[in-house]
Amino acid sequence: MTMIEQRLREAGFEVPAAQPSVANYVAALVQGDLLFISGQLPFEAGKVRYQGRVGDEVSIEDGKLSARLCALNALGQAKTALGDLDRIKGCVRIGGFVNSGAGFHQQPAVVNGASDLIVAALGDAGRHTRSAVGCSALPMNAATEIEAIFSIK
Amino acid sequence: MTMIEQRLREAGFEVPAAQPSVANYVAALVQGDLLFISGQLPFEAGKVRYQGRVGDEVSIEDGKLSARLCALNALGQAKTALGDLDRIKGCVRIGGFVNSGAGFHQQPAVVNGASDLIVAALGDAGRHTRSAVGCSALPMNAATEIEAIFSIK
Amino acid sequence: MTMIEQRLREAGFEVPAAQPSVANYVAALVQGDLLFISGQLPFEAGKVRYQGRVGDEVSIEDGKLSARLCALNALGQAKTALGDLDRIKGCVRIGGFVNSGAGFHQQPAVVNGASDLIVAALGDAGRHTRSAVGCSALPMNAATEIEAIFSIK
């Protein structure tokens, strides 16, 4: 087990098997010393666990868990792509998309679920830049979608 | 004619003339071994061909054609920027924005129109990472907007 | 004072103090010869100056001022991260998110506020790629959010 996976296990998380992409794109791609990860949904055991608009059908707390699950899936994709999670040096950026009605303005609190998970996994090297925005709709009515760029060695 | 253009022609596509940007930004920019392309709209012959919300005023099938046209325009921008499309090595990432009401959740099916076109043009090297999200509104009421990062030689 | 700050001052702008991030992410991060800046809100003197949907509660002109303020804050973050703004070589990309109801389609005019400010600061080297999209909601009900990637020396 890699150090990153051990750190996650101590925090109570298992890196999941990667959800394969089913169309003409890939879930992860190495470009130079960067690893790009496609937008991840809150899949768990093959289905989308958190669905609906945050602040409406989905509580902020569940929205945060949804973003955390997306980030965990991003690490699952990274593991499959790299073979070994310890090739990750740090996290450069995440894009956080939150399924939001017009009256909901706490996207940062939701995306913190992803940011916290990445820092739990990578420590200080996991501190990344990010954007957090509200989307009128997301694939499969997911509550959140998270994309990421990691630096690798 | 370059190999990429020939491949596209065999698939039934012509690389269009690039739509110039009309403000203080550029449609394409080389940074190291990457080519960044600004968000492209489904322009054809100088006007936006697909307008409205997908799953509402625009069918999924037309949404897919809209995304395909955006991707074709991205290649048009790349051609103008690079002079020669065969300088493209691969596609790193696309961002797919779909004009969507809250009840529409098939953004991936729509963005497949762009992914399929890029793979038709570049073959396996065209398989990219991507995000597909729903936007409450897009410029000129376009049905889709697609941005891209290509790797170049 | 750096050349970039002098240019901005002549255009009537002061580079603001950076708004610190309050969670497990950073406002700016250097990766190789790129500087990534997290999505910036139109903060001024510690509060969000422009709030609401552009084209509805917020005029297009105010939306443009909002985007300009976001871009100015991005330069504030760059200054804090780099120590010296003149380490910036150019701007590679901005992502422009505009708080928009379904009927508003002038996101490019709004995001021009950011593009114009960056070119005022950096001259021709500031001409960047960009995307401009409509979001159903933004953090703290901000009218705009702008993220950026600069090239540095």
# chains A, B, ... in the order shown; residues from 1 in each chain; ligands from 1
>>> closest_atom_pairs(of="chain A", to="chain C", cutoff="12 Å", atoms="only C-alpha atoms", output="Markdown table")
| residue | atom | partner | partner_atom | distance |
| --- | --- | --- | --- | --- |
| A:Gly32 | CA | C:Gly32 | CA | 10.8 |
| A:Asp33 | CA | C:Gly32 | CA | 9.1 |
| A:Leu34 | CA | C:Gln31 | CA | 9.3 |
| A:Arg53 | CA | C:Ser136 | CA | 11.1 |
| A:Val54 | CA | C:Ala137 | CA | 11.2 |
| A:Gly55 | CA | C:Ala137 | CA | 11.5 |
| A:Lys89 | CA | C:Gln31 | CA | 11.2 |
| A:Gly90 | CA | C:Gln31 | CA | 9.9 |
| A:Cys91 | CA | C:Leu29 | CA | 9.7 |
| A:Val92 | CA | C:Leu29 | CA | 7.0 |
| A:Arg93 | CA | C:Phe36 | CA | 7.7 |
| A:Ile94 | CA | C:Ser38 | CA | 9.1 |
| A:Gly95 | CA | C:Gly39 | CA | 9.3 |
| A:Gly96 | CA | C:Gly39 | CA | 10.3 |
| A:Phe97 | CA | C:Cys135 | CA | 9.8 |
| A:Val98 | CA | C:Ala137 | CA | 9.0 |
| A:Asn99 | CA | C:Ser136 | CA | 8.7 |
| A:Ser100 | CA | C:Ala137 | CA | 6.4 |
| A:Gly101 | CA | C:Ser136 | CA | 6.2 |
| A:Ala102 | CA | C:Ala137 | CA | 5.0 |
| A:Gly103 | CA | C:Ala137 | CA | 7.0 |
| A:Phe104 | CA | C:Ala137 | CA | 6.5 |
| A:His105 | CA | C:Pro139 | CA | 4.6 |
| A:Gln106 | CA | C:Pro139 | CA | 5.5 |
| A:Gln107 | CA | C:Pro139 | CA | 5.5 |
| A:Pro108 | CA | C:Pro139 | CA | 6.5 |
| A:Ala109 | CA | C:Ala23 | CA | 8.8 |
| A:Val110 | CA | C:Pro139 | CA | 10.4 |
| A:Val111 | CA | C:Ala23 | CA | 10.0 |
| A:Asn112 | CA | C:Ala23 | CA | 7.0 |
| A:Gly113 | CA | C:Asn24 | CA | 9.4 |
| A:Ala114 | CA | C:Asn24 | CA | 9.2 |
| A:Ser115 | CA | C:Asn24 | CA | 5.6 |
| A:Asp116 | CA | C:Asn24 | CA | 5.8 |
| A:Leu117 | CA | C:Asn24 | CA | 9.2 |
| A:Ile118 | CA | C:Asn24 | CA | 8.7 |
| A:Val119 | CA | C:Asn24 | CA | 6.8 |
| A:Ala120 | CA | C:Asn24 | CA | 9.6 |
| A:Leu122 | CA | C:Asn24 | CA | 11.5 |
| A:Gly123 | CA | C:Asn24 | CA | 10.0 |
| A:Asp124 | CA | C:Asn24 | CA | 9.0 |
| A:Ala125 | CA | C:Tyr25 | CA | 10.3 |
| A:Gly126 | CA | C:Tyr25 | CA | 8.1 |
| A:Arg127 | CA | C:Tyr25 | CA | 4.8 |
| A:His128 | CA | C:Tyr25 | CA | 5.0 |
| A:Thr129 | CA | C:Ser38 | CA | 4.7 |
| A:Arg130 | CA | C:Ser38 | CA | 4.7 |
| A:Ser131 | CA | C:Gly39 | CA | 4.5 |
| A:Ala132 | CA | C:Gly39 | CA | 7.1 |
| A:Val133 | CA | C:Leu138 | CA | 5.3 |
| A:Gly134 | CA | C:Ala137 | CA | 4.6 |
| A:Cys135 | CA | C:Ser136 | CA | 5.4 |
| A:Ser136 | CA | C:Ser136 | CA | 5.1 |
| A:Ala137 | CA | C:Ser136 | CA | 8.8 |
| A:Leu138 | CA | C:Ser136 | CA | 11.6 |
| A:Ile149 | CA | C:Gln31 | CA | 10.8 |
| A:Phe150 | CA | C:Gln31 | CA | 10.1 |
| A:Ser151 | CA | C:Gln31 | CA | 8.0 |
| A:Ile152 | CA | C:Gln31 | CA | 11.0 |
>>> calpha_fit_and_write(fixed="chain A", moving="chain B", output="short mmCIF file (atom, residue, chain, number, x, y, z; two decimals) with N, CA and C atoms, in the first residue's frame")
data_model
loop_
_atom_site.label_atom_id
_atom_site.label_comp_id
_atom_site.auth_asym_id
_atom_site.auth_seq_id
_atom_site.Cartn_x
_atom_site.Cartn_y
_atom_site.Cartn_z
N MET B 1 0.83 -1.19 -0.01
CA MET B 1 -0.01 0.02 0.00
C MET B 1 0.86 1.28 0.01
N THR B 2 0.49 2.24 -0.79
CA THR B 2 1.30 3.46 -0.87
C THR B 2 1.06 4.33 0.36
N MET B 3 1.96 5.31 0.54
CA MET B 3 1.83 6.22 1.68
C MET B 3 0.53 7.01 1.60
N ILE B 4 0.18 7.41 0.38
CA ILE B 4 -1.05 8.18 0.22
C ILE B 4 -2.27 7.33 0.58
N GLU B 5 -2.27 6.08 0.15
CA GLU B 5 -3.41 5.21 0.49
C GLU B 5 -3.47 4.92 1.98
N GLN B 6 -2.27 4.82 2.60
CA GLN B 6 -2.22 4.55 4.03
C GLN B 6 -2.79 5.75 4.81
N ARG B 7 -2.39 6.94 4.37
CA ARG B 7 -2.91 8.16 4.99
C ARG B 7 -4.43 8.23 4.86
N LEU B 8 -4.92 7.87 3.68
CA LEU B 8 -6.37 7.89 3.48
C LEU B 8 -7.06 6.84 4.35
N ARG B 9 -6.45 5.66 4.44
CA ARG B 9 -7.06 4.60 5.26
C ARG B 9 -7.15 5.04 6.72
N GLU B 10 -6.08 5.70 7.19
CA GLU B 10 -6.11 6.19 8.58
C GLU B 10 -7.22 7.23 8.77
N ALA B 11 -7.52 7.95 7.70
CA ALA B 11 -8.61 8.94 7.78
C ALA B 11 -9.98 8.30 7.52
N GLY B 12 -9.95 6.98 7.22
CA GLY B 12 -11.22 6.26 7.07
C GLY B 12 -11.70 6.06 5.64
N PHE B 13 -10.79 6.24 4.68
CA PHE B 13 -11.19 6.12 3.27
C PHE B 13 -10.42 5.02 2.54
N GLU B 14 -11.12 4.35 1.64
CA GLU B 14 -10.47 3.43 0.72
C GLU B 14 -10.50 4.04 -0.68
N VAL B 15 -9.40 3.96 -1.40
CA VAL B 15 -9.38 4.46 -2.78
C VAL B 15 -10.20 3.49 -3.64
N PRO B 16 -11.26 3.98 -4.27
CA PRO B 16 -12.16 3.07 -5.00
C PRO B 16 -11.57 2.64 -6.34
N ALA B 17 -12.12 1.57 -6.89
CA ALA B 17 -11.79 1.19 -8.26
C ALA B 17 -12.28 2.29 -9.19
N ALA B 18 -11.51 2.55 -10.24
CA ALA B 18 -11.86 3.64 -11.16
C ALA B 18 -13.09 3.27 -11.98
N GLN B 19 -13.99 4.23 -12.14
CA GLN B 19 -15.16 4.09 -13.01
C GLN B 19 -14.65 4.29 -14.46
N PRO B 20 -14.75 3.30 -15.32
CA PRO B 20 -14.24 3.49 -16.68
C PRO B 20 -15.09 4.49 -17.47
N SER B 21 -14.45 5.21 -18.40
CA SER B 21 -15.24 6.11 -19.25
C SER B 21 -15.86 5.26 -20.35
N VAL B 22 -17.05 5.64 -20.77
CA VAL B 22 -17.80 4.78 -21.68
C VAL B 22 -17.94 5.41 -23.07
N ALA B 23 -17.17 6.47 -23.34
CA ALA B 23 -17.27 7.11 -24.65
C ALA B 23 -15.87 7.45 -25.13
N ASN B 24 -15.78 8.33 -26.14
CA ASN B 24 -14.51 8.67 -26.77
C ASN B 24 -13.69 9.67 -25.96
N TYR B 25 -13.56 9.41 -24.68
CA TYR B 25 -12.66 10.22 -23.87
C TYR B 25 -12.05 9.31 -22.83
N VAL B 26 -11.11 9.84 -22.07
CA VAL B 26 -10.44 9.03 -21.04
C VAL B 26 -10.65 9.70 -19.69
N ALA B 27 -10.59 8.91 -18.65
CA ALA B 27 -10.80 9.46 -17.31
C ALA B 27 -9.56 10.18 -16.80
N ALA B 28 -8.39 9.82 -17.34
CA ALA B 28 -7.15 10.42 -16.86
C ALA B 28 -6.13 10.43 -17.99
N LEU B 29 -5.28 11.43 -17.98
CA LEU B 29 -4.29 11.57 -19.05
C LEU B 29 -3.05 12.29 -18.51
N VAL B 30 -1.89 11.66 -18.76
CA VAL B 30 -0.62 12.29 -18.36
C VAL B 30 -0.14 13.19 -19.49
N GLN B 31 0.17 14.44 -19.14
CA GLN B 31 0.73 15.38 -20.11
C GLN B 31 1.94 16.04 -19.42
N GLY B 32 3.14 15.63 -19.83
CA GLY B 32 4.34 16.14 -19.16
C GLY B 32 4.31 15.72 -17.70
N ASP B 33 4.49 16.67 -16.80
CA ASP B 33 4.48 16.34 -15.38
C ASP B 33 3.13 16.65 -14.72
N LEU B 34 2.10 16.64 -15.57
CA LEU B 34 0.74 16.85 -15.04
C LEU B 34 -0.14 15.65 -15.34
N LEU B 35 -1.05 15.38 -14.44
CA LEU B 35 -2.07 14.35 -14.66
C LEU B 35 -3.44 15.04 -14.65
N PHE B 36 -4.10 15.01 -15.79
CA PHE B 36 -5.45 15.60 -15.89
C PHE B 36 -6.48 14.51 -15.58
N ILE B 37 -7.47 14.87 -14.76
CA ILE B 37 -8.56 13.93 -14.43
C ILE B 37 -9.88 14.52 -14.93
N SER B 38 -10.63 13.72 -15.68
CA SER B 38 -11.95 14.15 -16.16
C SER B 38 -12.89 14.43 -14.99
N GLY B 39 -13.90 15.24 -15.24
CA GLY B 39 -14.90 15.54 -14.22
C GLY B 39 -15.48 14.27 -13.63
N GLN B 40 -15.38 14.12 -12.32
CA GLN B 40 -15.85 12.91 -11.64
C GLN B 40 -17.19 13.17 -10.95
N LEU B 41 -18.05 12.17 -11.04
CA LEU B 41 -19.35 12.23 -10.37
C LEU B 41 -19.28 11.44 -9.05
N PRO B 42 -20.26 11.64 -8.17
CA PRO B 42 -20.25 10.94 -6.87
C PRO B 42 -20.72 9.50 -6.99
N PHE B 43 -20.01 8.73 -7.82
CA PHE B 43 -20.32 7.31 -7.97
C PHE B 43 -19.87 6.53 -6.74
N GLU B 44 -20.72 5.59 -6.32
CA GLU B 44 -20.34 4.65 -5.27
C GLU B 44 -21.00 3.33 -5.61
N ALA B 45 -20.20 2.27 -5.65
CA ALA B 45 -20.74 0.95 -5.99
C ALA B 45 -21.57 0.99 -7.27
N GLY B 46 -21.07 1.76 -8.25
CA GLY B 46 -21.68 1.75 -9.57
C GLY B 46 -22.90 2.65 -9.76
N LYS B 47 -23.33 3.33 -8.71
CA LYS B 47 -24.42 4.29 -8.91
C LYS B 47 -24.12 5.66 -8.30
N VAL B 48 -24.81 6.67 -8.81
CA VAL B 48 -24.60 8.03 -8.32
C VAL B 48 -25.29 8.16 -6.95
N ARG B 49 -24.48 8.39 -5.92
CA ARG B 49 -25.04 8.35 -4.57
C ARG B 49 -25.79 9.63 -4.20
N TYR B 50 -25.30 10.78 -4.64
CA TYR B 50 -25.93 12.06 -4.26
C TYR B 50 -26.51 12.72 -5.51
N GLN B 51 -27.83 12.84 -5.53
CA GLN B 51 -28.50 13.41 -6.70
C GLN B 51 -29.39 14.56 -6.29
N GLY B 52 -29.42 15.60 -7.14
CA GLY B 52 -30.32 16.73 -6.92
C GLY B 52 -29.56 18.02 -6.64
N ARG B 53 -30.34 19.09 -6.50
CA ARG B 53 -29.75 20.40 -6.27
C ARG B 53 -29.38 20.59 -4.81
N VAL B 54 -28.15 21.02 -4.58
CA VAL B 54 -27.71 21.26 -3.20
C VAL B 54 -28.40 22.52 -2.69
N GLY B 55 -28.81 22.49 -1.44
CA GLY B 55 -29.53 23.61 -0.85
C GLY B 55 -31.02 23.51 -1.10
N ASP B 56 -31.41 22.46 -1.81
CA ASP B 56 -32.81 22.24 -2.17
C ASP B 56 -33.11 20.77 -1.82
N GLU B 57 -32.98 19.84 -2.77
CA GLU B 57 -33.23 18.43 -2.40
C GLU B 57 -32.07 17.80 -1.63
N VAL B 58 -30.89 18.41 -1.72
CA VAL B 58 -29.68 17.86 -1.08
C VAL B 58 -29.18 18.87 -0.04
N SER B 59 -28.91 18.42 1.18
CA SER B 59 -28.41 19.33 2.21
C SER B 59 -26.97 19.75 1.90
N ILE B 60 -26.54 20.84 2.50
CA ILE B 60 -25.15 21.27 2.31
C ILE B 60 -24.20 20.17 2.78
N GLU B 61 -24.55 19.55 3.91
CA GLU B 61 -23.68 18.50 4.44
C GLU B 61 -23.56 17.33 3.46
N ASP B 62 -24.68 16.93 2.85
CA ASP B 62 -24.61 15.86 1.84
C ASP B 62 -23.89 16.35 0.59
N GLY B 63 -24.05 17.61 0.24
CA GLY B 63 -23.32 18.16 -0.90
C GLY B 63 -21.82 18.05 -0.69
N LYS B 64 -21.41 18.32 0.54
CA LYS B 64 -19.99 18.22 0.90
C LYS B 64 -19.52 16.75 0.80
N LEU B 65 -20.35 15.83 1.26
CA LEU B 65 -20.01 14.40 1.14
C LEU B 65 -19.94 14.00 -0.34
N SER B 66 -20.81 14.60 -1.13
CA SER B 66 -20.80 14.32 -2.57
C SER B 66 -19.49 14.78 -3.21
N ALA B 67 -19.07 15.99 -2.86
CA ALA B 67 -17.81 16.52 -3.40
C ALA B 67 -16.63 15.66 -2.94
N ARG B 68 -16.70 15.21 -1.69
CA ARG B 68 -15.64 14.35 -1.14
C ARG B 68 -15.56 13.04 -1.92
N LEU B 69 -16.72 12.48 -2.23
CA LEU B 69 -16.76 11.23 -2.98
C LEU B 69 -16.22 11.44 -4.40
N CYS B 70 -16.54 12.56 -5.02
CA CYS B 70 -15.98 12.88 -6.35
C CYS B 70 -14.44 12.92 -6.28
N ALA B 71 -13.92 13.57 -5.23
CA ALA B 71 -12.46 13.69 -5.09
C ALA B 71 -11.82 12.33 -4.87
N LEU B 72 -12.51 11.48 -4.10
CA LEU B 72 -12.01 10.12 -3.87
C LEU B 72 -11.98 9.35 -5.19
N ASN B 73 -13.02 9.55 -6.00
CA ASN B 73 -13.04 8.90 -7.31
C ASN B 73 -11.93 9.44 -8.22
N ALA B 74 -11.61 10.72 -8.07
CA ALA B 74 -10.50 11.28 -8.85
C ALA B 74 -9.19 10.58 -8.47
N LEU B 75 -9.01 10.31 -7.18
CA LEU B 75 -7.81 9.58 -6.75
C LEU B 75 -7.85 8.14 -7.26
N GLY B 76 -9.04 7.55 -7.33
CA GLY B 76 -9.18 6.22 -7.93
C GLY B 76 -8.75 6.21 -9.39
N GLN B 77 -9.13 7.26 -10.11
CA GLN B 77 -8.71 7.38 -11.52
C GLN B 77 -7.19 7.56 -11.60
N ALA B 78 -6.66 8.36 -10.69
CA ALA B 78 -5.21 8.60 -10.69
C ALA B 78 -4.45 7.30 -10.43
N LYS B 79 -4.97 6.50 -9.50
CA LYS B 79 -4.31 5.22 -9.18
C LYS B 79 -4.29 4.30 -10.40
N THR B 80 -5.42 4.21 -11.07
CA THR B 80 -5.49 3.36 -12.27
C THR B 80 -4.56 3.88 -13.36
N ALA B 81 -4.51 5.19 -13.51
CA ALA B 81 -3.68 5.76 -14.58
C ALA B 81 -2.19 5.63 -14.30
N LEU B 82 -1.80 5.83 -13.05
CA LEU B 82 -0.36 5.90 -12.70
C LEU B 82 0.18 4.56 -12.21
N GLY B 83 -0.73 3.66 -11.80
CA GLY B 83 -0.27 2.41 -11.21
C GLY B 83 0.02 2.57 -9.73
N ASP B 84 0.57 3.69 -9.36
CA ASP B 84 1.05 3.90 -7.99
C ASP B 84 0.72 5.33 -7.57
N LEU B 85 -0.16 5.46 -6.56
CA LEU B 85 -0.59 6.81 -6.15
C LEU B 85 0.57 7.67 -5.66
N ASP B 86 1.64 7.04 -5.18
CA ASP B 86 2.75 7.86 -4.66
C ASP B 86 3.53 8.57 -5.76
N ARG B 87 3.16 8.34 -7.01
CA ARG B 87 3.75 9.17 -8.08
C ARG B 87 3.14 10.58 -8.07
N ILE B 88 2.07 10.78 -7.33
CA ILE B 88 1.48 12.12 -7.23
C ILE B 88 2.35 12.99 -6.33
N LYS B 89 2.75 14.16 -6.84
CA LYS B 89 3.52 15.11 -6.03
C LYS B 89 2.60 16.08 -5.30
N GLY B 90 1.58 16.56 -6.02
CA GLY B 90 0.70 17.54 -5.41
C GLY B 90 -0.54 17.72 -6.26
N CYS B 91 -1.41 18.58 -5.80
CA CYS B 91 -2.60 18.90 -6.58
C CYS B 91 -2.50 20.36 -7.02
N VAL B 92 -2.68 20.59 -8.31
CA VAL B 92 -2.52 21.94 -8.88
C VAL B 92 -3.85 22.70 -8.86
N ARG B 93 -4.90 22.02 -9.25
CA ARG B 93 -6.18 22.72 -9.40
C ARG B 93 -7.33 21.73 -9.34
N ILE B 94 -8.44 22.14 -8.73
CA ILE B 94 -9.69 21.41 -8.93
C ILE B 94 -10.75 22.38 -9.43
N GLY B 95 -11.62 21.85 -10.27
CA GLY B 95 -12.80 22.60 -10.70
C GLY B 95 -13.99 21.98 -10.00
N GLY B 96 -14.72 22.79 -9.26
CA GLY B 96 -15.86 22.27 -8.50
C GLY B 96 -17.17 22.81 -9.03
N PHE B 97 -18.00 21.90 -9.55
CA PHE B 97 -19.29 22.26 -10.11
C PHE B 97 -20.39 21.73 -9.19
N VAL B 98 -21.24 22.63 -8.73
CA VAL B 98 -22.27 22.28 -7.76
C VAL B 98 -23.64 22.49 -8.38
N ASN B 99 -24.44 21.43 -8.40
CA ASN B 99 -25.83 21.49 -8.88
C ASN B 99 -26.60 22.46 -7.98
N SER B 100 -26.98 23.62 -8.53
CA SER B 100 -27.49 24.71 -7.68
C SER B 100 -28.65 25.45 -8.32
N GLY B 101 -29.68 25.67 -7.53
CA GLY B 101 -30.70 26.64 -7.91
C GLY B 101 -30.17 28.05 -7.69
N ALA B 102 -30.93 29.03 -8.21
CA ALA B 102 -30.44 30.42 -8.19
C ALA B 102 -30.25 30.95 -6.78
N GLY B 103 -30.94 30.39 -5.80
CA GLY B 103 -30.88 30.96 -4.46
C GLY B 103 -29.79 30.39 -3.57
N PHE B 104 -28.98 29.47 -4.10
CA PHE B 104 -27.96 28.80 -3.26
C PHE B 104 -26.58 29.38 -3.54
N HIS B 105 -25.91 29.86 -2.51
CA HIS B 105 -24.65 30.59 -2.71
C HIS B 105 -23.49 30.04 -1.89
N GLN B 106 -23.61 28.80 -1.42
CA GLN B 106 -22.56 28.26 -0.56
C GLN B 106 -21.74 27.18 -1.28
N GLN B 107 -21.48 27.40 -2.56
CA GLN B 107 -20.67 26.45 -3.32
C GLN B 107 -19.32 26.18 -2.65
N PRO B 108 -18.65 27.22 -2.09
CA PRO B 108 -17.34 26.93 -1.46
C PRO B 108 -17.45 25.91 -0.33
N ALA B 109 -18.48 26.03 0.51
CA ALA B 109 -18.64 25.06 1.62
C ALA B 109 -18.80 23.65 1.07
N VAL B 110 -19.49 23.52 -0.05
CA VAL B 110 -19.70 22.20 -0.66
C VAL B 110 -18.38 21.66 -1.21
N VAL B 111 -17.67 22.50 -1.96
CA VAL B 111 -16.43 22.05 -2.61
C VAL B 111 -15.33 21.77 -1.58
N ASN B 112 -15.46 22.37 -0.38
CA ASN B 112 -14.52 22.03 0.70
C ASN B 112 -14.46 20.53 0.96
N GLY B 113 -15.56 19.82 0.70
CA GLY B 113 -15.54 18.37 0.87
C GLY B 113 -14.47 17.72 0.01
N ALA B 114 -14.29 18.24 -1.21
CA ALA B 114 -13.24 17.72 -2.09
C ALA B 114 -11.86 18.21 -1.65
N SER B 115 -11.76 19.50 -1.33
CA SER B 115 -10.46 20.06 -0.94
C SER B 115 -9.92 19.36 0.30
N ASP B 116 -10.80 19.14 1.28
CA ASP B 116 -10.36 18.50 2.53
C ASP B 116 -9.87 17.08 2.27
N LEU B 117 -10.55 16.36 1.38
CA LEU B 117 -10.15 14.97 1.11
C LEU B 117 -8.77 14.94 0.44
N ILE B 118 -8.55 15.87 -0.47
CA ILE B 118 -7.26 15.87 -1.19
C ILE B 118 -6.12 16.23 -0.24
N VAL B 119 -6.37 17.15 0.67
CA VAL B 119 -5.34 17.50 1.65
C VAL B 119 -5.15 16.35 2.65
N ALA B 120 -6.23 15.65 2.98
CA ALA B 120 -6.08 14.46 3.83
C ALA B 120 -5.19 13.43 3.16
N ALA B 121 -5.30 13.33 1.85
CA ALA B 121 -4.51 12.33 1.11
C ALA B 121 -3.07 12.77 0.90
N LEU B 122 -2.87 14.03 0.57
CA LEU B 122 -1.55 14.47 0.10
C LEU B 122 -0.83 15.38 1.09
N GLY B 123 -1.50 15.74 2.18
CA GLY B 123 -0.88 16.70 3.11
C GLY B 123 -0.78 18.07 2.46
N ASP B 124 0.18 18.87 2.93
CA ASP B 124 0.30 20.25 2.43
C ASP B 124 0.45 20.30 0.91
N ALA B 125 1.07 19.28 0.32
CA ALA B 125 1.24 19.27 -1.14
C ALA B 125 -0.09 19.16 -1.87
N GLY B 126 -1.13 18.85 -1.10
CA GLY B 126 -2.46 18.74 -1.70
C GLY B 126 -3.19 20.06 -1.79
N ARG B 127 -2.62 21.11 -1.21
CA ARG B 127 -3.30 22.41 -1.23
C ARG B 127 -3.23 23.00 -2.64
N HIS B 128 -4.38 23.16 -3.25
CA HIS B 128 -4.54 23.44 -4.67
C HIS B 128 -5.27 24.75 -4.90
N THR B 129 -5.25 25.22 -6.13
CA THR B 129 -6.16 26.30 -6.53
C THR B 129 -7.49 25.65 -6.95
N ARG B 130 -8.52 26.45 -6.95
CA ARG B 130 -9.81 25.88 -7.32
C ARG B 130 -10.80 26.97 -7.75
N SER B 131 -11.81 26.54 -8.46
CA SER B 131 -12.99 27.35 -8.70
C SER B 131 -14.19 26.58 -8.19
N ALA B 132 -15.17 27.30 -7.69
CA ALA B 132 -16.40 26.67 -7.19
C ALA B 132 -17.56 27.47 -7.76
N VAL B 133 -18.36 26.81 -8.61
CA VAL B 133 -19.45 27.53 -9.27
C VAL B 133 -20.73 26.70 -9.23
N GLY B 134 -21.85 27.38 -9.47
CA GLY B 134 -23.14 26.71 -9.47
C GLY B 134 -23.59 26.38 -10.89
N CYS B 135 -23.99 25.14 -11.11
CA CYS B 135 -24.45 24.70 -12.43
C CYS B 135 -25.95 24.46 -12.38
N SER B 136 -26.62 24.79 -13.50
CA SER B 136 -28.07 24.59 -13.55
C SER B 136 -28.44 23.12 -13.58
N ALA B 137 -27.50 22.28 -14.02
CA ALA B 137 -27.76 20.83 -14.12
C ALA B 137 -26.42 20.13 -14.27
N LEU B 138 -26.39 18.87 -13.82
CA LEU B 138 -25.17 18.06 -13.97
C LEU B 138 -25.54 16.68 -14.48
N PRO B 139 -24.58 15.97 -15.08
CA PRO B 139 -24.86 14.63 -15.60
C PRO B 139 -25.49 13.71 -14.55
N MET B 140 -26.49 12.96 -14.96
CA MET B 140 -27.18 12.01 -14.10
C MET B 140 -27.75 12.66 -12.85
N ASN B 141 -28.00 13.95 -12.93
CA ASN B 141 -28.53 14.72 -11.80
C ASN B 141 -27.64 14.64 -10.56
N ALA B 142 -26.33 14.46 -10.79
CA ALA B 142 -25.38 14.43 -9.67
C ALA B 142 -25.42 15.75 -8.92
N ALA B 143 -25.17 15.68 -7.62
CA ALA B 143 -25.15 16.90 -6.80
C ALA B 143 -23.88 17.71 -7.06
N THR B 144 -22.80 17.03 -7.42
CA THR B 144 -21.52 17.70 -7.67
C THR B 144 -20.74 16.99 -8.76
N GLU B 145 -19.84 17.74 -9.39
CA GLU B 145 -18.85 17.16 -10.32
C GLU B 145 -17.53 17.85 -10.02
N ILE B 146 -16.46 17.05 -9.94
CA ILE B 146 -15.13 17.61 -9.61
C ILE B 146 -14.12 17.14 -10.65
N GLU B 147 -13.40 18.08 -11.27
CA GLU B 147 -12.29 17.74 -12.14
C GLU B 147 -11.00 18.15 -11.45
N ALA B 148 -9.87 17.59 -11.87
CA ALA B 148 -8.62 17.87 -11.14
C ALA B 148 -7.41 17.82 -12.06
N ILE B 149 -6.37 18.56 -11.66
CA ILE B 149 -5.05 18.44 -12.27
C ILE B 149 -4.06 18.19 -11.13
N PHE B 150 -3.36 17.07 -11.21
CA PHE B 150 -2.32 16.75 -10.23
C PHE B 150 -0.94 16.94 -10.86
N SER B 151 0.05 17.28 -10.06
CA SER B 151 1.44 17.23 -10.52
C SER B 151 2.01 15.87 -10.13
N ILE B 152 2.84 15.32 -11.01
CA ILE B 152 3.36 13.97 -10.78
C ILE B 152 4.88 13.92 -10.94
N LYS B 153 5.47 12.85 -10.41
CA LYS B 153 6.91 12.65 -10.59
C LYS B 153 7.16 11.43 -11.45
#
>>> select_by_dssp(residues="range 74-137 of chain A", states="strand (DSSP E or B)", output="ChimeraX atom specification")
/A:88-100,128-135,137
>>> select_by_dssp(residues="chain C", states="helix (DSSP H, G or I)", output="count of residues only")
57
